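Structure file structure39.cif (mmCIF, C-alpha atoms) follows.
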```
data_structure
#
loop_
_atom_site.group_PDB
_atom_site.id
_atom_site.type_symbol
_atom_site.label_atom_id
_atom_site.label_comp_id
_atom_site.auth_asym_id
_atom_site.auth_seq_id
_atom_site.Cartn_x
_atom_site.Cartn_y
_atom_site.Cartn_z
ATOM 1 C CA MET A 1 54.646 138.190 145.186
ATOM 2 C CA LEU A 2 52.929 135.590 143.054
ATOM 3 C CA LYS A 3 54.232 132.053 143.134
ATOM 4 C CA ARG A 4 54.919 130.164 139.911
ATOM 5 C CA THR A 5 51.898 127.903 140.555
ATOM 6 C CA GLU A 6 49.635 130.927 141.004
ATOM 7 C CA THR A 7 50.824 132.467 137.752
ATOM 8 C CA ASP A 8 50.162 129.188 135.952
ATOM 9 C CA ALA A 9 46.707 129.041 137.534
ATOM 10 C CA VAL A 10 45.882 132.571 136.314
ATOM 11 C CA ALA A 11 46.939 131.590 132.789
ATOM 12 C CA ALA A 12 44.778 128.443 133.036
ATOM 13 C CA PHE A 13 41.774 130.445 134.250
ATOM 14 C CA ILE A 14 42.066 132.930 131.393
ATOM 15 C CA ARG A 15 42.244 130.100 128.861
ATOM 16 C CA VAL A 16 39.171 128.373 130.374
ATOM 17 C CA ALA A 17 37.288 131.696 130.367
ATOM 18 C CA GLU A 18 38.174 132.267 126.721
ATOM 19 C CA ARG A 19 37.338 128.722 125.604
ATOM 20 C CA MET A 20 34.470 128.118 128.065
ATOM 21 C CA SER A 21 35.716 124.549 128.305
ATOM 22 C CA PHE A 22 38.110 122.798 130.642
ATOM 23 C CA ARG A 23 38.888 120.178 128.002
ATOM 24 C CA ALA A 24 39.645 122.723 125.254
ATOM 25 C CA ALA A 25 41.754 124.833 127.616
ATOM 26 C CA ALA A 26 43.683 121.764 128.720
ATOM 27 C CA ALA A 27 44.421 120.863 125.101
ATOM 28 C CA ASP A 28 45.687 124.382 124.413
ATOM 29 C CA LEU A 29 47.936 124.293 127.482
ATOM 30 C CA GLY A 30 49.170 120.754 126.872
ATOM 31 C CA VAL A 31 47.991 119.385 130.229
ATOM 32 C CA SER A 32 45.146 117.185 131.401
ATOM 33 C CA PRO A 33 41.642 118.564 132.171
ATOM 34 C CA SER A 34 42.038 117.397 135.766
ATOM 35 C CA ALA A 35 45.259 119.422 136.093
ATOM 36 C CA VAL A 36 43.442 122.530 134.853
ATOM 37 C CA SER A 37 40.598 121.875 137.278
ATOM 38 C CA GLN A 38 43.011 121.541 140.201
ATOM 39 C CA MET A 39 44.782 124.799 139.302
ATOM 40 C CA ILE A 40 41.482 126.684 139.113
ATOM 41 C CA LYS A 41 40.336 125.247 142.465
ATOM 42 C CA ALA A 42 43.627 126.262 144.083
ATOM 43 C CA LEU A 43 43.304 129.768 142.618
ATOM 44 C CA GLU A 44 39.729 130.114 143.899
ATOM 45 C CA THR A 45 40.833 128.916 147.337
ATOM 46 C CA SER A 46 43.652 131.465 147.360
ATOM 47 C CA LEU A 47 41.258 134.264 146.340
ATOM 48 C CA GLY A 48 38.510 133.118 148.669
ATOM 49 C CA THR A 49 35.812 133.215 145.986
ATOM 50 C CA ALA A 50 34.516 131.208 143.050
ATOM 51 C CA LEU A 51 35.549 132.407 139.608
ATOM 52 C CA LEU A 52 33.733 129.833 137.480
ATOM 53 C CA SER A 53 30.285 128.308 137.643
ATOM 54 C CA ARG A 54 30.387 124.710 136.449
ATOM 55 C CA THR A 55 27.719 122.303 135.306
ATOM 56 C CA THR A 56 28.061 118.966 133.571
ATOM 57 C CA ARG A 57 27.366 120.688 130.259
ATOM 58 C CA SER A 58 28.859 124.175 130.497
ATOM 59 C CA VAL A 59 31.288 126.535 132.171
ATOM 60 C CA GLY A 60 30.509 130.168 132.966
ATOM 61 C CA LEU A 61 32.005 133.110 134.807
ATOM 62 C CA THR A 62 30.762 134.278 138.161
ATOM 63 C CA GLU A 63 30.551 137.994 138.877
ATOM 64 C CA ALA A 64 33.918 137.746 140.631
ATOM 65 C CA GLY A 65 35.254 135.802 137.662
ATOM 66 C CA VAL A 66 34.245 138.572 135.221
ATOM 67 C CA LEU A 67 36.025 141.172 137.366
ATOM 68 C CA PHE A 68 39.113 138.992 137.807
ATOM 69 C CA LEU A 69 39.316 138.246 134.074
ATOM 70 C CA LYS A 70 39.101 141.954 133.244
ATOM 71 C CA GLN A 71 42.126 142.675 135.437
ATOM 72 C CA ALA A 72 44.123 139.486 134.953
ATOM 73 C CA ARG A 73 44.093 139.294 131.141
ATOM 74 C CA PRO A 74 45.962 142.586 130.453
ATOM 75 C CA ALA A 75 48.295 141.901 133.364
ATOM 76 C CA LEU A 76 49.262 138.515 131.939
ATOM 77 C CA GLU A 77 49.630 139.990 128.439
ATOM 78 C CA ASN A 78 52.009 142.634 129.836
ATOM 79 C CA LEU A 79 54.005 139.947 131.621
ATOM 80 C CA GLU A 80 54.273 137.883 128.448
ATOM 81 C CA ALA A 81 55.362 140.994 126.552
ATOM 82 C CA CYS A 82 58.092 141.564 129.148
ATOM 83 C CA PHE A 83 59.434 138.045 128.684
ATOM 84 C CA THR A 84 59.339 138.430 124.905
ATOM 85 C CA ALA A 85 61.222 141.717 125.113
ATOM 86 C CA MET A 86 63.851 140.192 127.388
ATOM 87 C CA LYS A 87 64.370 137.270 125.027
ATOM 88 C CA ILE A 88 64.917 139.708 122.182
ATOM 89 C CA TYR A 89 67.158 141.859 124.394
ATOM 90 C CA SER A 90 69.264 138.908 125.517
ATOM 91 C CA GLY A 91 69.796 137.816 121.944
ATOM 92 C CA ARG A 92 70.600 141.134 120.220
ATOM 93 C CA PRO A 93 73.030 143.735 121.566
ATOM 94 C CA SER A 94 70.952 146.812 122.305
ATOM 95 C CA GLY A 95 70.239 149.457 124.930
ATOM 96 C CA THR A 96 72.481 152.033 126.606
ATOM 97 C CA LEU A 97 76.070 150.999 127.356
ATOM 98 C CA ARG A 98 77.310 153.187 130.233
ATOM 99 C CA LEU A 99 81.091 153.513 130.503
ATOM 100 C CA ASN A 100 82.972 155.418 133.203
ATOM 101 C CA ALA A 101 86.414 156.713 132.158
ATOM 102 C CA SER A 102 89.053 159.199 133.253
ATOM 103 C CA ARG A 103 88.685 162.614 131.619
ATOM 104 C CA GLY A 104 92.061 162.361 129.935
ATOM 105 C CA VAL A 105 91.133 158.984 128.446
ATOM 106 C CA ILE A 106 87.864 160.067 126.825
ATOM 107 C CA PRO A 107 89.456 161.594 123.676
ATOM 108 C CA PHE A 108 91.182 158.297 122.910
ATOM 109 C CA LEU A 109 87.925 156.387 123.145
ATOM 110 C CA LEU A 110 86.009 158.550 120.676
ATOM 111 C CA ASP A 111 87.402 157.044 117.483
ATOM 112 C CA PRO A 112 86.933 153.368 118.449
ATOM 113 C CA MET A 113 83.529 154.077 119.974
ATOM 114 C CA ARG A 114 82.441 155.803 116.756
ATOM 115 C CA GLU A 115 83.274 152.592 114.905
ATOM 116 C CA PHE A 116 81.543 150.528 117.585
ATOM 117 C CA CYS A 117 78.328 152.574 117.324
ATOM 118 C CA ALA A 118 78.359 152.150 113.555
ATOM 119 C CA ALA A 119 78.752 148.380 113.940
ATOM 120 C CA TYR A 120 75.989 148.149 116.575
ATOM 121 C CA PRO A 121 73.329 150.762 115.749
ATOM 122 C CA ASP A 122 70.964 149.427 118.438
ATOM 123 C CA ILE A 123 73.467 150.322 121.175
ATOM 124 C CA GLU A 124 73.683 153.840 122.566
ATOM 125 C CA VAL A 125 77.008 154.585 124.289
ATOM 126 C CA GLU A 126 77.257 156.915 127.280
ATOM 127 C CA LEU A 127 80.803 157.994 128.177
ATOM 128 C CA PHE A 128 80.906 159.460 131.676
ATOM 129 C CA ALA A 129 84.094 161.411 132.442
ATOM 130 C CA GLU A 130 85.361 161.087 136.017
ATOM 131 C CA ASP A 131 88.944 161.173 137.251
ATOM 132 C CA GLY A 132 88.147 159.419 140.521
ATOM 133 C CA LEU A 133 87.860 155.640 140.723
ATOM 134 C CA SER A 134 84.074 155.356 140.709
ATOM 135 C CA ASP A 135 82.189 152.350 142.086
ATOM 136 C CA ILE A 136 80.750 151.332 138.726
ATOM 137 C CA VAL A 137 78.325 148.816 140.258
ATOM 138 C CA ALA A 138 76.841 151.255 142.777
ATOM 139 C CA ASN A 139 76.615 154.029 140.182
ATOM 140 C CA GLY A 140 74.950 151.973 137.485
ATOM 141 C CA PHE A 141 77.809 151.708 134.982
ATOM 142 C CA ASP A 142 78.315 148.641 132.818
ATOM 143 C CA ALA A 143 82.109 148.997 132.760
ATOM 144 C CA GLY A 144 84.976 151.408 133.380
ATOM 145 C CA VAL A 145 88.239 152.374 131.681
ATOM 146 C CA ARG A 146 91.255 153.109 133.866
ATOM 147 C CA LEU A 147 95.001 152.664 134.178
ATOM 148 C CA GLY A 148 95.906 149.126 135.196
ATOM 149 C CA GLU A 149 97.191 150.108 138.639
ATOM 150 C CA ARG A 150 93.919 151.895 139.492
ATOM 151 C CA LEU A 151 91.366 149.132 138.931
ATOM 152 C CA GLN A 152 88.728 148.246 141.482
ATOM 153 C CA PRO A 153 89.173 144.873 143.209
ATOM 154 C CA ASP A 154 87.122 141.828 142.196
ATOM 155 C CA MET A 155 86.836 142.994 138.604
ATOM 156 C CA ILE A 156 87.544 141.324 135.289
ATOM 157 C CA ALA A 157 90.122 143.396 133.398
ATOM 158 C CA MET A 158 90.767 143.473 129.662
ATOM 159 C CA ARG A 159 93.758 145.306 128.183
ATOM 160 C CA LEU A 160 92.899 148.161 125.811
ATOM 161 C CA SER A 161 96.371 149.572 125.169
ATOM 162 C CA PRO A 162 100.067 148.732 125.504
ATOM 163 C CA SER A 163 101.990 150.075 128.486
ATOM 164 C CA PHE A 164 103.169 153.679 128.196
ATOM 165 C CA PRO A 165 105.394 156.071 130.169
ATOM 166 C CA PHE A 166 104.454 158.992 132.370
ATOM 167 C CA ILE A 167 105.970 162.144 130.896
ATOM 168 C CA VAL A 168 107.108 165.447 132.386
ATOM 169 C CA ALA A 169 106.479 168.168 129.818
ATOM 170 C CA GLY A 170 106.344 171.906 129.394
ATOM 171 C CA SER A 171 105.771 174.433 126.646
ATOM 172 C CA PRO A 172 108.539 176.082 124.585
ATOM 173 C CA ASP A 173 107.651 179.382 126.279
ATOM 174 C CA TYR A 174 108.197 177.807 129.693
ATOM 175 C CA PHE A 175 111.601 176.429 128.715
ATOM 176 C CA ALA A 176 112.560 179.789 127.249
ATOM 177 C CA GLU A 177 112.332 181.079 130.825
ATOM 178 C CA PHE A 178 113.517 178.017 132.779
ATOM 179 C CA PRO A 179 116.269 175.502 131.949
ATOM 180 C CA LYS A 180 115.269 171.927 131.250
ATOM 181 C CA PRO A 181 115.655 169.678 134.295
ATOM 182 C CA GLU A 182 118.295 166.976 133.879
ATOM 183 C CA ARG A 183 117.333 164.908 136.911
ATOM 184 C CA PRO A 184 114.070 164.593 138.882
ATOM 185 C CA GLU A 185 115.717 166.372 141.794
ATOM 186 C CA ASP A 186 116.029 169.489 139.602
ATOM 187 C CA LEU A 187 112.230 169.857 139.714
ATOM 188 C CA ALA A 188 112.625 171.530 143.124
ATOM 189 C CA SER A 189 113.457 174.751 141.282
ATOM 190 C CA HIS A 190 110.657 174.456 138.726
ATOM 191 C CA ARG A 191 107.023 175.549 138.639
ATOM 192 C CA CYS A 192 105.046 172.319 138.578
ATOM 193 C CA ILE A 193 101.318 171.974 138.016
ATOM 194 C CA ARG A 194 100.090 169.526 140.612
ATOM 195 C CA PHE A 195 97.123 167.162 140.430
ATOM 196 C CA ARG A 196 94.687 166.483 143.277
ATOM 197 C CA LEU A 197 93.300 162.943 143.267
ATOM 198 C CA SER A 198 89.505 162.756 143.415
ATOM 199 C CA THR A 199 89.520 159.462 145.304
ATOM 200 C CA SER A 200 91.737 160.396 148.259
ATOM 201 C CA GLY A 201 91.860 164.188 147.985
ATOM 202 C CA LYS A 202 95.655 163.989 148.139
ATOM 203 C CA ILE A 203 98.025 165.747 145.756
ATOM 204 C CA ALA A 204 99.783 163.154 143.616
ATOM 205 C CA ASN A 205 103.538 162.862 143.858
ATOM 206 C CA TRP A 206 105.567 162.348 140.682
ATOM 207 C CA THR A 207 107.199 158.932 140.346
ATOM 208 C CA PHE A 208 110.542 158.309 138.628
ATOM 209 C CA ARG A 209 112.938 155.476 137.900
ATOM 210 C CA ASP A 210 116.624 155.195 138.698
ATOM 211 C CA GLY A 211 117.750 151.897 137.238
ATOM 212 C CA GLU A 212 115.629 149.235 138.933
ATOM 213 C CA ARG A 213 114.594 151.591 141.732
ATOM 214 C CA THR A 214 111.479 153.765 141.628
ATOM 215 C CA TYR A 215 110.937 156.721 143.920
ATOM 216 C CA GLU A 216 108.562 159.637 144.395
ATOM 217 C CA VAL A 217 109.305 163.323 144.221
ATOM 218 C CA THR A 218 107.152 165.956 145.916
ATOM 219 C CA VAL A 219 106.928 168.973 143.635
ATOM 220 C CA GLN A 220 105.745 172.531 144.173
ATOM 221 C CA GLY A 221 104.168 175.080 141.891
ATOM 222 C CA PRO A 222 101.644 177.848 141.355
ATOM 223 C CA MET A 223 98.601 175.742 140.501
ATOM 224 C CA ILE A 224 96.721 172.646 141.710
ATOM 225 C CA LEU A 225 94.127 171.086 139.394
ATOM 226 C CA ASN A 226 91.935 167.997 139.396
ATOM 227 C CA ASP A 227 91.114 167.698 135.694
ATOM 228 C CA THR A 228 93.567 166.192 133.191
ATOM 229 C CA PRO A 229 92.554 168.196 130.072
ATOM 230 C CA VAL A 230 92.697 171.424 132.074
ATOM 231 C CA THR A 231 96.133 170.408 133.347
ATOM 232 C CA VAL A 232 97.325 169.973 129.753
ATOM 233 C CA ALA A 233 95.772 173.313 128.763
ATOM 234 C CA ALA A 234 97.646 175.028 131.590
ATOM 235 C CA ALA A 235 100.946 173.548 130.410
ATOM 236 C CA LEU A 236 100.266 174.717 126.842
ATOM 237 C CA LYS A 237 99.863 178.240 128.199
ATOM 238 C CA GLY A 238 103.250 178.050 129.925
ATOM 239 C CA VAL A 239 101.952 177.950 133.495
ATOM 240 C CA GLY A 240 104.364 175.174 134.430
ATOM 241 C CA LEU A 241 105.447 171.565 134.001
ATOM 242 C CA ILE A 242 102.978 168.670 134.044
ATOM 243 C CA TYR A 243 103.271 164.935 134.723
ATOM 244 C CA VAL A 244 100.835 162.907 132.625
ATOM 245 C CA PRO A 245 100.554 159.626 130.682
ATOM 246 C CA GLU A 246 102.345 160.019 127.345
ATOM 247 C CA PRO A 247 99.284 159.221 125.154
ATOM 248 C CA VAL A 248 97.423 162.175 126.688
ATOM 249 C CA ILE A 249 99.921 164.643 125.190
ATOM 250 C CA HIS A 250 101.320 162.581 122.289
ATOM 251 C CA GLU A 251 99.854 164.932 119.676
ATOM 252 C CA HIS A 252 101.260 168.015 121.452
ATOM 253 C CA LEU A 253 104.683 166.375 121.737
ATOM 254 C CA ALA A 254 104.653 165.490 118.036
ATOM 255 C CA SER A 255 103.695 169.035 117.044
ATOM 256 C CA GLY A 256 106.254 170.654 119.365
ATOM 257 C CA ARG A 257 103.638 172.492 121.398
ATOM 258 C CA LEU A 258 104.927 170.582 124.428
ATOM 259 C CA ILE A 259 108.447 169.314 125.086
ATOM 260 C CA GLY A 260 109.062 166.167 127.103
ATOM 261 C CA VAL A 261 111.907 165.982 129.628
ATOM 262 C CA LEU A 262 113.395 163.423 132.019
ATOM 263 C CA GLY A 263 112.568 160.591 129.623
ATOM 264 C CA ASP A 264 115.446 158.458 130.964
ATOM 265 C CA HIS A 265 113.773 158.496 134.376
ATOM 266 C CA ALA A 266 110.195 157.856 133.193
ATOM 267 C CA THR A 267 108.165 155.102 134.830
ATOM 268 C CA GLU A 268 105.853 152.846 132.858
ATOM 269 C CA SER A 269 102.135 152.492 133.413
ATOM 270 C CA PRO A 270 100.667 149.045 132.659
ATOM 271 C CA GLY A 271 98.313 150.725 130.172
ATOM 272 C CA LEU A 272 94.566 151.177 129.882
ATOM 273 C CA PHE A 273 92.124 148.454 130.814
ATOM 274 C CA LEU A 274 88.405 147.889 130.463
ATOM 275 C CA TYR A 275 87.117 146.554 133.772
ATOM 276 C CA TYR A 276 83.726 145.188 134.745
ATOM 277 C CA PRO A 277 82.090 142.843 137.267
ATOM 278 C CA LYS A 278 81.840 139.237 136.112
ATOM 279 C CA ARG A 279 78.038 139.226 135.985
ATOM 280 C CA ASN A 280 78.033 142.182 133.554
ATOM 281 C CA SER A 281 79.855 140.065 130.981
ATOM 282 C CA LEU A 282 76.521 138.327 130.363
ATOM 283 C CA LEU A 283 75.025 141.561 128.999
ATOM 284 C CA PRO A 284 74.867 141.349 125.172
ATOM 285 C CA LYS A 285 75.796 145.047 124.824
ATOM 286 C CA LEU A 286 78.954 144.593 126.909
ATOM 287 C CA ARG A 287 79.820 141.287 125.232
ATOM 288 C CA ALA A 288 79.584 143.117 121.916
ATOM 289 C CA LEU A 289 82.071 145.757 123.123
ATOM 290 C CA ILE A 290 84.474 143.112 124.438
ATOM 291 C CA GLU A 291 84.425 141.191 121.155
ATOM 292 C CA PHE A 292 84.751 144.428 119.163
ATOM 293 C CA ALA A 293 87.732 145.553 121.267
ATOM 294 C CA ARG A 294 89.490 142.213 120.849
ATOM 295 C CA ALA A 295 89.000 142.246 117.081
ATOM 296 C CA ARG A 296 90.143 145.878 116.770
ATOM 297 C CA ALA A 297 93.239 145.302 118.908
ATOM 298 C CA GLN A 298 94.330 142.433 116.628
ATOM 299 C CA GLU A 299 94.378 144.615 113.523
ATOM 300 C CA PRO A 300 98.034 144.983 112.423
ATOM 301 C CA GLN A 301 97.953 148.793 112.081
ATOM 302 C CA ARG A 302 96.770 149.322 115.675
ATOM 303 C CA GLN A 303 98.477 149.152 119.056
ATOM 304 C CA GLY A 304 95.549 148.027 121.137
ATOM 305 C CA PHE A 305 91.917 149.092 121.176
ATOM 306 C CA VAL A 306 92.488 152.812 121.772
ATOM 307 C CA SER A 307 94.146 155.101 119.258
ATOM 308 C CA ARG A 308 97.464 156.675 120.164
ATOM 309 C CA THR A 309 96.267 160.154 119.237
ATOM 310 C CA PRO A 310 92.780 161.634 119.663
#
```
Starting from the file, give its structure as structure tokens.
Amino acid sequence: MLKRTETDAVAAFIRVAERMSFRAAAADLGVSPSAVSQMIKALETSLGTALLSRTTRSVGLTEAGVLFLKQARPALENLEACFTAMKIYSGRPSGTLRLNASRGVIPFLLDPMREFCAAYPDIEVELFAEDGLSDIVANGFDAGVRLGERLQPDMIAMRLSPSFPFIVAGSPDYFAEFPKPERPEDLASHRCIRFRLSTSGKIANWTFRDGERTYEVTVQGPMILNDTPVTVAAALKGVGLIYVPEPVIHEHLASGRLIGVLGDHATESPGLFLYYPKRNSLLPKLRALIEFARARAQEPQRQGFVSRTP
């Protein structure tokens, strides 16, 4: 790897070769002629060959100098172009913003992300659906969106929604066949659609509240799934009861396609959060999303960054 002094020496050599004068090159670079001479000597020593032929009246290129100039000039131009591009990149939000989110959350991100893309046309958003808690750093994501209790450690978290309950729900057809449960313990006689966690491989228990106490209930049923939208689709078809965050099925509850039960025993989730490693907050594209989310959440007609219905 080139040292900073070697890079400076290459730049000095190219300028001397172009100007055929140590004095003129020094003036262009804003240093003394002796400083330019010392850099060239150090470069020649490092390369083990002379690049310039010097007389009291003129400066010329040796055969090695001609070859070195041919290779060094485009290389330095490419390096300068890289620095220019990075300065532009660091100043203007652009590039691909990769976000990792739970499958059930994706529909609620579409509306705000549509507005975000319109506000920042130089940013391309990739939404990657994954129910497991992915290592966003190892997998090349800029940020993730998850429930507050499922965030990775050592992350900065920003709230995207208010807290919301977990709901047990079933279709009208299901409740035409089975009575509505009045207490969580009644679920033992119901067909429940269970959810296998991608992170641990375990089947998630259903959590309920009894006053200040929370407790888990192990349910049984005909189907185990590991995808939230598919779980909702199964409930709509009357396969059984589901246990999901209320926003995921809010539209179906409002339309009557699903019926919520056990609301008095529902537990609250802390809500959705955007999470990211501290160093990623320096990325202009992520800073733009953070500022956009904060501004959108403060609008009076909204309850956080994400919409309540897809």
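Take atom CA of Met113 of chain A and atom CA of Pro247 of chain A: the distance between them is 17.4 Å.
When you apply the PyMOL selection byres ((chain A and resi 176-190) around 8) to this structure, what comes back is Pro172, Asp173, Tyr174, Phe175, Arg191, Cys192, Phe208, Val217, Val219, Gln220, Gly221, Gly240, Leu241, Val261, Leu262 and His265 of chain A.
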As a check of understanding: the span from atom CA of Ala26 of chain A to atom CA of Gly48 of chain A is 23.5 Å
Separation of atom CA of Gly256 of chain A and atom CA of Ile203 of chain A, in Å? 28.1 Å
Just checking: using all atoms listed in the file, which residue out of A:Phe22, A:Phe273, A:Phe164, A:Phe116 ends up closest to Arg54 of chain A? A:Phe22
